[in-house]
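Structure data (compact mmCIF, C-alpha atoms (C1' of nucleotides)) from query_23.txt:
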# COMPACT_ATOMS: atom_id res chain seq x y z
CA MET A 906 6.33 -4.51 -2.22
CA GLY A 907 7.45 -6.75 -5.04
CA ILE A 908 6.67 -6.56 -8.73
CA PHE A 909 3.09 -7.57 -7.93
CA SER A 910 0.83 -6.76 -5.00
CA LYS A 911 0.57 -9.31 -2.21
CA THR A 912 -2.97 -9.97 -3.37
CA CYS A 913 -1.67 -10.83 -6.82
CA GLU A 914 1.06 -13.08 -5.48
CA TYR A 915 -1.56 -15.09 -3.56
CA ALA A 916 -3.74 -15.19 -6.68
CA VAL A 917 -1.00 -16.63 -8.88
CA ARG A 918 0.12 -19.18 -6.32
CA ALA A 919 -3.49 -20.23 -5.77
CA VAL A 920 -4.21 -20.55 -9.47
CA PHE A 921 -1.15 -22.73 -9.97
CA PHE A 922 -2.22 -24.88 -7.03
CA ILE A 923 -5.77 -25.24 -8.33
CA ALA A 924 -4.40 -26.17 -11.75
CA GLN A 925 -2.21 -28.87 -10.27
CA HIS A 926 -4.97 -30.36 -8.11
CA THR A 927 -7.93 -30.29 -10.45
CA ALA A 928 -6.39 -31.43 -13.73
CA ASP A 929 -8.35 -34.67 -13.19
CA GLY A 930 -11.70 -32.84 -13.05
CA SER A 931 -12.02 -32.73 -9.27
CA ARG A 932 -12.36 -29.65 -7.04
CA VAL A 933 -10.26 -28.24 -4.26
CA GLY A 934 -11.50 -26.26 -1.25
CA ILE A 935 -10.37 -22.85 -0.06
CA LYS A 936 -8.94 -24.24 3.16
CA GLU A 937 -6.70 -26.73 1.39
CA ILE A 938 -5.52 -24.09 -1.05
CA ALA A 939 -4.77 -21.56 1.68
CA VAL A 940 -2.78 -24.04 3.75
CA ASN A 941 -0.74 -25.23 0.79
CA ILE A 942 0.18 -21.85 -0.62
CA ASP A 943 0.61 -20.32 2.83
CA SER A 944 -1.94 -17.52 2.55
CA PRO A 945 -4.65 -16.12 4.88
CA GLU A 946 -7.73 -18.21 4.16
CA HIS A 947 -10.46 -15.58 4.25
CA PHE A 948 -8.43 -13.06 2.34
CA LEU A 949 -7.66 -15.59 -0.35
CA ALA A 950 -11.37 -16.47 -0.49
CA LYS A 951 -12.12 -12.87 -1.52
CA ILE A 952 -9.48 -12.99 -4.20
CA LEU A 953 -10.73 -16.28 -5.64
CA GLN A 954 -14.35 -15.09 -5.54
CA ASP A 955 -13.30 -12.21 -7.71
CA LEU A 956 -11.37 -14.41 -10.14
CA SER A 957 -14.39 -16.71 -10.27
CA LYS A 958 -16.75 -13.83 -11.12
CA ARG A 959 -14.39 -12.82 -13.89
CA GLY A 960 -14.40 -16.33 -15.30
CA ILE A 961 -10.69 -16.90 -14.80
CA ILE A 962 -11.31 -19.78 -12.43
CA GLN A 963 -14.41 -21.91 -11.86
CA SER A 964 -16.20 -22.88 -8.65
CA VAL A 965 -19.16 -24.82 -7.33
CA LYS A 966 -20.75 -24.59 -3.88
CA GLY A 967 -21.78 -27.38 -1.57
CA PRO A 968 -20.45 -30.85 -0.80
CA ASN A 969 -17.73 -31.94 -3.19
CA GLY A 970 -17.63 -28.33 -4.27
CA GLY A 971 -14.65 -26.08 -4.48
CA PHE A 972 -12.52 -24.35 -7.06
CA TYR A 973 -11.32 -25.84 -10.31
CA LEU A 974 -10.19 -24.95 -13.80
CA ASP A 975 -11.77 -26.01 -17.05
CA ALA A 976 -9.67 -26.74 -20.14
CA GLN A 977 -9.95 -23.19 -21.40
CA SER A 978 -8.83 -21.75 -18.06
CA LEU A 979 -5.86 -24.10 -17.91
CA SER A 980 -4.61 -22.77 -21.21
CA ARG A 981 -5.04 -19.10 -20.33
CA PRO A 982 -1.92 -16.96 -20.16
CA LEU A 983 -0.80 -16.04 -16.68
CA SER A 984 -0.98 -12.39 -17.69
CA ASP A 985 -4.78 -12.67 -17.49
CA VAL A 986 -4.50 -13.30 -13.76
CA ILE A 987 -2.16 -10.34 -13.29
CA GLU A 988 -4.45 -8.07 -15.32
CA ALA A 989 -7.48 -9.19 -13.33
CA VAL A 990 -5.92 -8.60 -9.93
CA ASP A 991 -3.42 -5.76 -10.30
CA GLY A 992 -4.64 -4.30 -13.57
CA GLY A 993 -2.37 -3.94 -16.56
CA GLY A 994 -0.50 -0.96 -15.17
CA ILE A 995 2.61 -3.01 -14.62
CA PHE A 996 2.75 -3.62 -18.38
CA ARG A 997 1.99 -0.08 -19.43
CA ASP A 998 2.45 2.64 -16.81
CA CYS A 999 5.42 4.99 -16.64
CA GLY A 1000 8.13 3.77 -14.29
CA LEU A 1001 8.39 7.25 -12.78
CA GLY A 1002 4.64 7.71 -12.40
CA LEU A 1003 4.08 10.23 -15.21
CA LYS A 1004 0.57 10.20 -16.63
CA GLU A 1005 1.48 11.24 -20.15
CA CYS A 1006 4.80 9.49 -20.58
CA SER A 1007 5.23 8.26 -24.15
CA SER A 1008 7.82 8.02 -26.88
CA LYS A 1009 6.85 11.58 -27.87
CA ASN A 1010 6.95 12.88 -24.31
CA PRO A 1011 9.25 10.47 -22.48
CA CYS A 1012 10.48 10.42 -18.93
CA PRO A 1013 14.25 9.88 -18.66
CA LEU A 1014 13.79 6.14 -18.19
CA HIS A 1015 11.09 5.64 -20.79
CA HIS A 1016 13.03 3.59 -23.31
CA ASP A 1017 14.77 1.43 -20.77
CA PHE A 1018 11.53 0.72 -18.94
CA LEU A 1019 9.70 -0.06 -22.12
CA ASP A 1020 12.16 -2.86 -22.70
CA VAL A 1021 11.82 -4.29 -19.20
CA ARG A 1022 8.03 -4.05 -19.22
CA ASN A 1023 7.75 -5.68 -22.63
CA ARG A 1024 9.92 -8.56 -21.54
CA LEU A 1025 7.79 -9.04 -18.46
CA GLN A 1026 4.62 -8.91 -20.50
CA ASN A 1027 5.91 -11.32 -23.14
CA MET A 1028 6.99 -13.70 -20.46
CA LEU A 1029 3.63 -13.63 -18.66
CA GLU A 1030 1.67 -13.90 -21.89
CA SER A 1031 3.62 -16.95 -22.98
CA ILE A 1032 3.21 -18.82 -19.70
CA THR A 1033 -0.05 -20.72 -19.21
CA ILE A 1034 -1.78 -21.40 -15.93
CA GLY A 1035 -1.54 -25.13 -16.43
CA GLN A 1036 1.99 -25.46 -17.67
CA PHE A 1037 3.65 -26.16 -14.33
CA ASN A 1038 1.39 -29.02 -13.24
CA GLU A 1039 3.96 -31.68 -13.89
CA ASP A 1040 6.85 -29.78 -12.32
CA LEU A 1041 4.64 -29.18 -9.27
CA ASN A 1042 3.78 -32.89 -9.08
CA LEU A 1043 7.47 -33.77 -9.28
CA GLY A 1044 8.41 -31.19 -6.65
CA ILE A 1045 10.76 -29.45 -9.07
CA VAL A 1046 8.99 -26.18 -8.28
CA VAL A 1047 7.12 -25.12 -5.14
CA LEU A 1048 4.31 -22.76 -4.08
CA LYS A 1049 5.08 -22.18 -0.43
CA LYS A 1050 7.97 -21.19 1.85
CA MET B 105 1.09 0.40 -7.94
CA GLY B 106 3.90 0.52 -10.52
CA ILE B 107 7.29 -1.12 -10.41
CA PHE B 108 8.30 1.33 -7.67
CA SER B 109 6.33 2.85 -4.81
CA LYS B 110 4.92 6.33 -5.30
CA THR B 111 7.46 7.53 -2.77
CA CYS B 112 10.24 6.13 -4.92
CA GLU B 113 8.83 7.66 -8.10
CA TYR B 114 8.86 11.07 -6.43
CA ALA B 115 12.38 10.46 -5.17
CA VAL B 116 13.78 9.61 -8.60
CA ARG B 117 12.04 12.50 -10.32
CA ALA B 118 13.25 14.87 -7.59
CA VAL B 119 16.82 13.62 -7.78
CA PHE B 120 16.87 14.08 -11.55
CA PHE B 121 15.48 17.59 -11.12
CA ILE B 122 18.03 18.49 -8.47
CA ALA B 123 20.78 17.15 -10.70
CA GLN B 124 19.65 19.28 -13.60
CA HIS B 125 19.32 22.46 -11.54
CA THR B 126 22.41 22.32 -9.38
CA ALA B 127 25.06 21.16 -11.81
CA ASP B 128 26.44 24.71 -11.57
CA GLY B 129 26.93 24.47 -7.81
CA SER B 130 23.74 26.28 -6.78
CA ARG B 131 20.88 24.97 -4.66
CA VAL B 132 17.22 24.43 -5.31
CA GLY B 133 14.40 24.69 -2.76
CA ILE B 134 11.79 22.09 -1.89
CA LYS B 135 8.96 24.25 -3.21
CA GLU B 136 10.52 24.64 -6.64
CA ILE B 137 11.28 20.93 -6.84
CA ALA B 138 7.77 19.92 -5.80
CA VAL B 139 6.12 22.22 -8.32
CA ASN B 140 8.32 21.06 -11.17
CA ILE B 141 8.02 17.34 -10.62
CA ASP B 142 4.36 17.59 -9.64
CA SER B 143 4.59 16.09 -6.17
CA PRO B 144 3.09 16.99 -2.77
CA GLU B 145 5.55 19.42 -1.22
CA HIS B 146 5.57 18.28 2.41
CA PHE B 147 5.60 14.65 1.50
CA LEU B 148 8.50 15.15 -0.84
CA ALA B 149 10.30 17.07 1.91
CA LYS B 150 10.23 13.94 4.06
CA ILE B 151 11.60 11.84 1.25
CA LEU B 152 14.45 14.24 0.52
CA GLN B 153 15.29 14.58 4.23
CA ASP B 154 15.77 10.85 4.29
CA LEU B 155 17.92 10.82 1.15
CA SER B 156 19.94 13.64 2.64
CA LYS B 157 20.55 11.74 5.89
CA ARG B 158 21.71 8.78 3.83
CA GLY B 159 24.14 10.96 1.93
CA ILE B 160 22.54 10.37 -1.44
CA ILE B 161 21.73 14.04 -1.85
CA GLN B 162 23.10 17.12 -0.10
CA SER B 163 21.33 20.05 1.57
CA VAL B 164 21.98 23.28 3.43
CA LYS B 165 19.52 25.26 5.52
CA GLY B 166 18.89 28.96 5.52
CA PRO B 167 18.93 31.70 2.87
CA ASN B 168 20.35 30.49 -0.44
CA GLY B 169 20.00 27.03 0.99
CA GLY B 170 18.28 24.06 -0.54
CA PHE B 171 19.11 20.72 -2.02
CA TYR B 172 21.98 19.98 -4.34
CA LEU B 173 24.29 17.20 -5.51
CA ASP B 174 28.05 17.05 -5.24
CA ALA B 175 30.19 15.47 -7.94
CA GLN B 176 30.15 12.09 -6.24
CA SER B 177 26.37 12.12 -5.92
CA LEU B 178 25.93 13.06 -9.57
CA SER B 179 27.85 9.99 -10.61
CA ARG B 180 25.98 7.59 -8.35
CA PRO B 181 23.94 4.84 -9.97
CA LEU B 182 20.20 5.35 -9.87
CA SER B 183 19.87 1.99 -8.19
CA ASP B 184 21.20 3.63 -5.01
CA VAL B 185 18.09 5.80 -4.87
CA ILE B 186 15.81 2.83 -5.40
CA GLU B 187 17.62 0.83 -2.73
CA ALA B 188 17.42 3.73 -0.29
CA VAL B 189 13.70 4.31 -0.75
CA ASP B 190 12.11 0.96 -1.61
CA GLY B 191 14.88 -1.32 -0.47
CA GLY B 192 16.52 -3.81 -2.80
CA GLY B 193 13.61 -6.24 -2.73
CA ILE B 194 12.68 -5.41 -6.29
CA PHE B 195 16.08 -6.73 -7.38
CA ARG B 196 16.06 -9.81 -5.22
CA ASP B 197 12.68 -10.95 -3.90
CA CYS B 198 10.63 -13.80 -5.32
CA GLY B 199 8.02 -12.65 -7.81
CA LEU B 200 5.41 -14.82 -6.12
CA GLY B 201 6.30 -13.72 -2.60
CA LEU B 202 8.06 -16.88 -1.43
CA LYS B 203 10.61 -16.33 1.33
CA GLU B 204 12.93 -19.15 0.41
CA CYS B 205 12.69 -19.10 -3.35
CA SER B 206 16.03 -19.94 -4.93
CA SER B 207 17.51 -21.94 -7.77
CA LYS B 208 17.52 -24.93 -5.43
CA ASN B 209 13.95 -24.36 -4.26
CA PRO B 210 12.36 -22.34 -7.05
CA CYS B 211 8.84 -21.04 -7.52
CA PRO B 212 7.43 -21.78 -10.96
CA LEU B 213 8.48 -18.38 -12.25
CA HIS B 214 11.89 -18.27 -10.62
CA HIS B 215 14.06 -18.47 -13.72
CA ASP B 216 11.96 -16.10 -15.79
CA PHE B 217 11.81 -13.56 -13.00
CA LEU B 218 15.52 -13.81 -12.36
CA ASP B 219 16.08 -12.65 -15.90
CA VAL B 220 13.67 -9.70 -15.65
CA ARG B 221 14.99 -8.61 -12.28
CA ASN B 222 18.60 -8.82 -13.40
CA ARG B 223 17.86 -6.71 -16.44
CA LEU B 224 16.15 -4.12 -14.28
CA GLN B 225 19.03 -4.09 -11.86
CA ASN B 226 21.68 -3.85 -14.58
CA MET B 227 19.78 -1.02 -16.15
CA LEU B 228 19.43 0.94 -12.91
CA GLU B 229 23.04 0.30 -11.93
CA SER B 230 24.32 1.57 -15.24
CA ILE B 231 22.31 4.81 -15.18
CA THR B 232 23.74 7.70 -13.19
CA ILE B 233 21.78 10.40 -11.44
CA GLY B 234 23.41 13.11 -13.50
CA GLN B 235 23.29 11.56 -16.92
CA PHE B 236 20.05 13.14 -18.08
CA ASN B 237 20.95 16.75 -17.31
CA GLU B 238 21.49 17.70 -20.91
CA ASP B 239 18.40 15.91 -22.20
CA LEU B 240 16.37 17.63 -19.49
CA ASN B 241 17.81 21.01 -20.47
CA LEU B 242 16.93 20.35 -24.10
CA GLY B 243 13.44 19.20 -23.21
CA ILE B 244 14.06 15.83 -24.83
CA VAL B 245 12.88 14.17 -21.62
CA VAL B 246 10.49 15.45 -18.95
CA LEU B 247 9.80 15.02 -15.22
CA LYS B 248 6.16 16.00 -14.95
CA LYS B 249 2.78 15.29 -16.53
C1' DA C 540 22.54 40.71 17.57
C1' DT C 541 18.47 40.46 14.66
C1' DA C 542 15.46 39.17 11.12
C1' DA C 543 14.69 36.35 7.27
C1' DT C 544 15.11 32.08 5.04
C1' DA C 545 14.82 27.23 4.24
C1' DA C 546 15.51 22.50 5.66
C1' DA C 547 14.64 19.19 9.69
C1' DA C 548 11.68 17.21 12.77
C1' DG C 549 7.32 16.16 14.97
C1' DA C 550 2.40 15.44 15.20
C1' DT C 551 -1.61 14.21 12.92
C1' DA C 552 -4.69 12.40 9.32
C1' DA C 553 -6.73 10.32 5.04
C1' DA C 554 -6.63 6.54 1.80
C1' DA C 555 -5.42 2.09 0.24
C1' DA C 556 -3.89 -2.50 1.07
C1' DC C 557 -4.22 -6.39 3.76
C1' DA C 558 -6.85 -9.30 6.83
C1' DT C 559 -10.62 -11.49 9.79
C1' DC C 560 -15.10 -12.84 11.24
C1' DT C 561 -20.07 -13.64 10.55
C1' DT C 562 -24.12 -14.50 7.80
C1' DT C 563 -26.22 -16.05 3.54
C1' DT C 564 -26.85 -18.89 -0.56
C1' DA C 565 -26.26 -22.85 -3.49
C1' DT C 566 -25.49 -27.75 -3.80
C1' DT C 567 -25.34 -32.52 -2.43
C1' DA C 568 -26.36 -36.70 0.12
C1' DT C 569 -29.41 -38.82 3.19
C1' DA D 257 -37.69 -32.36 3.25
C1' DT D 258 -33.47 -32.14 6.09
C1' DA D 259 -28.83 -31.75 7.37
C1' DA D 260 -24.25 -31.04 5.95
C1' DT D 261 -21.02 -28.79 3.11
C1' DA D 262 -18.57 -25.14 0.88
C1' DA D 263 -18.42 -20.89 -1.69
C1' DA D 264 -20.46 -16.01 -1.78
C1' DA D 265 -21.36 -11.96 0.38
C1' DG D 266 -21.32 -8.58 4.08
C1' DA D 267 -19.45 -6.18 7.99
C1' DT D 268 -15.57 -4.88 10.39
C1' DG D 269 -10.70 -4.27 11.78
C1' DT D 270 -5.58 -3.57 11.23
C1' DT D 271 -1.44 -1.98 8.95
C1' DT D 272 1.04 0.48 5.54
C1' DT D 273 1.31 4.05 2.31
C1' DT D 274 0.53 8.55 1.14
C1' DA D 275 -0.14 13.17 2.66
C1' DT D 276 -0.63 17.64 5.46
C1' DC D 277 0.30 20.98 8.95
C1' DT D 278 3.06 22.96 12.72
C1' DT D 279 7.23 23.76 15.30
C1' DT D 280 12.21 23.71 15.59
C1' DT D 281 16.94 24.28 14.05
C1' DA D 282 20.63 25.88 11.12
C1' DT D 283 22.37 29.40 8.09
C1' DT D 284 22.77 33.86 5.93
C1' DA D 285 22.42 38.81 5.27
C1' DT D 286 21.72 43.04 7.41

Please express the file's structure as structure tokens.
Amino acid sequence: MGIFSKTCEYAVRAVFFIAQHTADGSRVGIKEIAVNIDSPEHFLAKILQDLSKRGIIQSVKGPNGGFYLDAQSLSRPLSDVIEAVDGGGIFRDCGLGLKECSSKNPCPLHHDFLDVRNRLQNMLESITIGQFNEDLNLGIVVLKK
Amino acid sequence: MGIFSKTCEYAVRAVFFIAQHTADGSRVGIKEIAVNIDSPEHFLAKILQDLSKRGIIQSVKGPNGGFYLDAQSLSRPLSDVIEAVDGGGIFRDCGLGLKECSSKNPCPLHHDFLDVRNRLQNMLESITIGQFNEDLNLGIVVLKK
DNA sequence: ATAATAAAAGATAAAAACATCTTTTATTAT
DNA sequence: ATAATAAAAGATGTTTTTATCTTTTATTAT
């Protein structure tokens, strides 16, 4: 287990890939995405269906169909993907699993965790889905292996 | 799912509780620990058995037996508990699940994640198991609810 | 020695996460 | 209209995590 669930890792990698490959207005199919981000195709399909229903990504069926991102989606913060897939718990929940942990009723790690969580949240809120397109094109960053 | 597994959350809460209640050299039983950190007793027993085998906590069987911490254990960094239960992946693994993510072959979030992970690790390495005993005694911090 | 105590170990099970396969629906090109 | 395409939806299966219950072993007090 990492910071995010496996499901969420696939989701983020897929969204970055879709961003890179549909910036020109085209679409990309589930098979191509799955192969290029190294994820199980049918499992990823479920994940993307869900993101599509939530309006975080777009899709069309049929020939020339596939997944894509409109301008609004490209400028969304990455945190929206995390929230959609894993929920916002990672940004809010107590690091030790306490239900009522707060500054008034803190667990021993409350203050330290607050700092780490806030940094993570700020980072993911300031990154947009589309911002790595060029780096991906140049091969400076990668989505598989 | 939080930052840590549920198992790990129980482990950390239990270790803090044991620290608080055995600083005087006494022992505390699994039932009392489970009730006071609000965890399933038999499940927690498994977790503590494992920590005991690894030498991170101490235990003795029989009457007046239970779990406790020696001086060395009290001064251990909390990161040792995390490493023992969840493994060190949280400090090292790629945030997007890539196997070979590195500064030479980075995922899009590599540099940002490196920062967050390092902060988390530094924090957990600089906190000791015994350092909250007084705050726990004073009720300034809590381990349940 | 014996009985009582409490952790250790073993067996089993429920729930959630992860994954696959098949059928249906929407869209496009002919 | 028809056939081809590709996502959506449904059914099912596997693995891991979380959890419970029972039996065994070590220790202590009598």

With 7 Å as the limit and counting only C-alpha atoms (C1' of nucleotides), what residues in chain C lie close to chain B? Please list them as a PyMOL selection string. chain C and resi 544-546

Output for the residues just chosen: C-alpha atoms (C1' of nucleotides) as a PDB file, keeping the file's coordinate frame:
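Result file is part-v4.pdb:
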ATOM      1  C1'  DT C 544      15.110  32.080   5.040  1.00  0.00           C
ATOM      2  C1'  DA C 545      14.820  27.230   4.240  1.00  0.00           C
ATOM      3  C1'  DA C 546      15.510  22.500   5.660  1.00  0.00           C
TER       4       DA C 546
END

Kindly extract all protein, DNA and RNA residues lying within 12 Å of the coordinates (9.3, -30.4, -8.7) given in the file, considering only C-alpha atoms (C1' of nucleotides), and supply them as a ChimeraX atom specification. /A:925,1037-1048 /B:207-212

Report as a tab-separated table the residues of chain D within 7 Å of chain B, each with its shortest atom pair and distance in Å (one decimal), using all atoms listed in the file, ordered by chain and increasing residue number.
residue	atom	partner	partner_atom	distance
D:DA275	C1'	B:Phe147	CA	6.0
D:DT276	C1'	B:His146	CA	6.9
D:DA282	C1'	B:Lys165	CA	5.7
D:DT283	C1'	B:Gly166	CA	4.3
D:DT284	C1'	B:Pro167	CA	5.4

Counting all atoms listed in the file, which residue out of B:Ser230, B:Ile194, B:Asp219, B:Ala118 sits closest to chain A? B:Ile194

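Using only C-alpha atoms (C1' of nucleotides), the contacts of DT278 of chain D at a cut-off of 12 Å, with sequence neighbours closer than 6 positions omitted, comprise His146 of chain B; DA548, DG549, DA550 and DT551 of chain C.
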
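Contact shell of Leu155 of chain B at 12 Å (all atoms listed in the file; same-chain neighbours under 5 positions omitted): Thr111, Cys112, Tyr114, Ala115, Val116, Ala118, Val119, Leu148, Ala149, Lys150, Ile160, Ile161, Gln162, Ser163, Phe171, Tyr172, Leu173, Ser177, Asp184, Val185, Ile186, Glu187, Ala188, Val189 and Asp190 of chain B.
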
Within 10 Å of segment 270-272 of chain D, counting all atoms listed in the file, which residues qualify if same-chain residues fewer than 4 places away don't, as a VMD selection string? chain C and resid 555 to 559

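Across A:Glu1005, A:Asp929, A:Glu937, A:Asp975, the tightest approach to chain B is made by A:Glu1005 when counting all atoms listed in the file.
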
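Using all atoms listed in the file, the shortest contact distance between chain B and any of A:Ile908, A:Arg959, A:Gly992, A:Ser980 is found at A:Ile908.
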
For chain B, the closest of A:Leu979, A:Ile923, A:Met906, A:Ala928 counting only C-alpha atoms is A:Met906

Near-DG266 of chain D list (10 Å; all atoms listed in the file; drop same-chain fewer than 5 positions) as a list of chain:residue names: C:DT561, C:DT562, C:DT563

Could I see segment 204-215 of chain B restored to N, CA and C atoms, set down as a CSV table (one decimal), in the coordinates of the input?
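Here's the written file part-v5.csv:
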chain,number,residue,atom,x,y,z
B,204,GLU,N,11.7,-18.3,0.6
B,204,GLU,CA,12.9,-19.2,0.4
B,204,GLU,C,13.1,-19.6,-1.0
B,205,CYS,N,12.6,-18.8,-1.9
B,205,CYS,CA,12.7,-19.1,-3.4
B,205,CYS,C,14.1,-18.9,-3.8
B,206,SER,N,14.7,-20.0,-4.4
B,206,SER,CA,16.0,-19.9,-4.9
B,206,SER,C,16.2,-20.9,-6.1
B,207,SER,N,17.3,-21.0,-6.7
B,207,SER,CA,17.5,-21.9,-7.8
B,207,SER,C,17.4,-23.4,-7.3
B,208,LYS,N,17.7,-23.6,-6.0
B,208,LYS,CA,17.5,-24.9,-5.4
B,208,LYS,C,16.1,-25.2,-5.1
B,209,ASN,N,15.3,-24.2,-4.7
B,209,ASN,CA,14.0,-24.4,-4.3
B,209,ASN,C,13.1,-23.3,-5.0
B,210,PRO,N,12.9,-23.4,-6.3
B,210,PRO,CA,12.4,-22.3,-7.0
B,210,PRO,C,10.8,-22.4,-7.1
B,211,CYS,N,10.2,-21.2,-7.2
B,211,CYS,CA,8.8,-21.0,-7.5
B,211,CYS,C,8.7,-21.3,-9.0
B,212,PRO,N,7.5,-21.5,-9.5
B,212,PRO,CA,7.4,-21.8,-11.0
B,212,PRO,C,8.0,-20.7,-11.9
B,213,LEU,N,8.0,-19.5,-11.4
B,213,LEU,CA,8.5,-18.4,-12.2
B,213,LEU,C,9.9,-17.9,-12.0
B,214,HIS,N,10.6,-18.7,-11.1
B,214,HIS,CA,11.9,-18.3,-10.6
B,214,HIS,C,12.9,-17.9,-11.7
B,215,HIS,N,13.0,-18.7,-12.7
B,215,HIS,CA,14.1,-18.5,-13.7
B,215,HIS,C,13.7,-17.3,-14.6
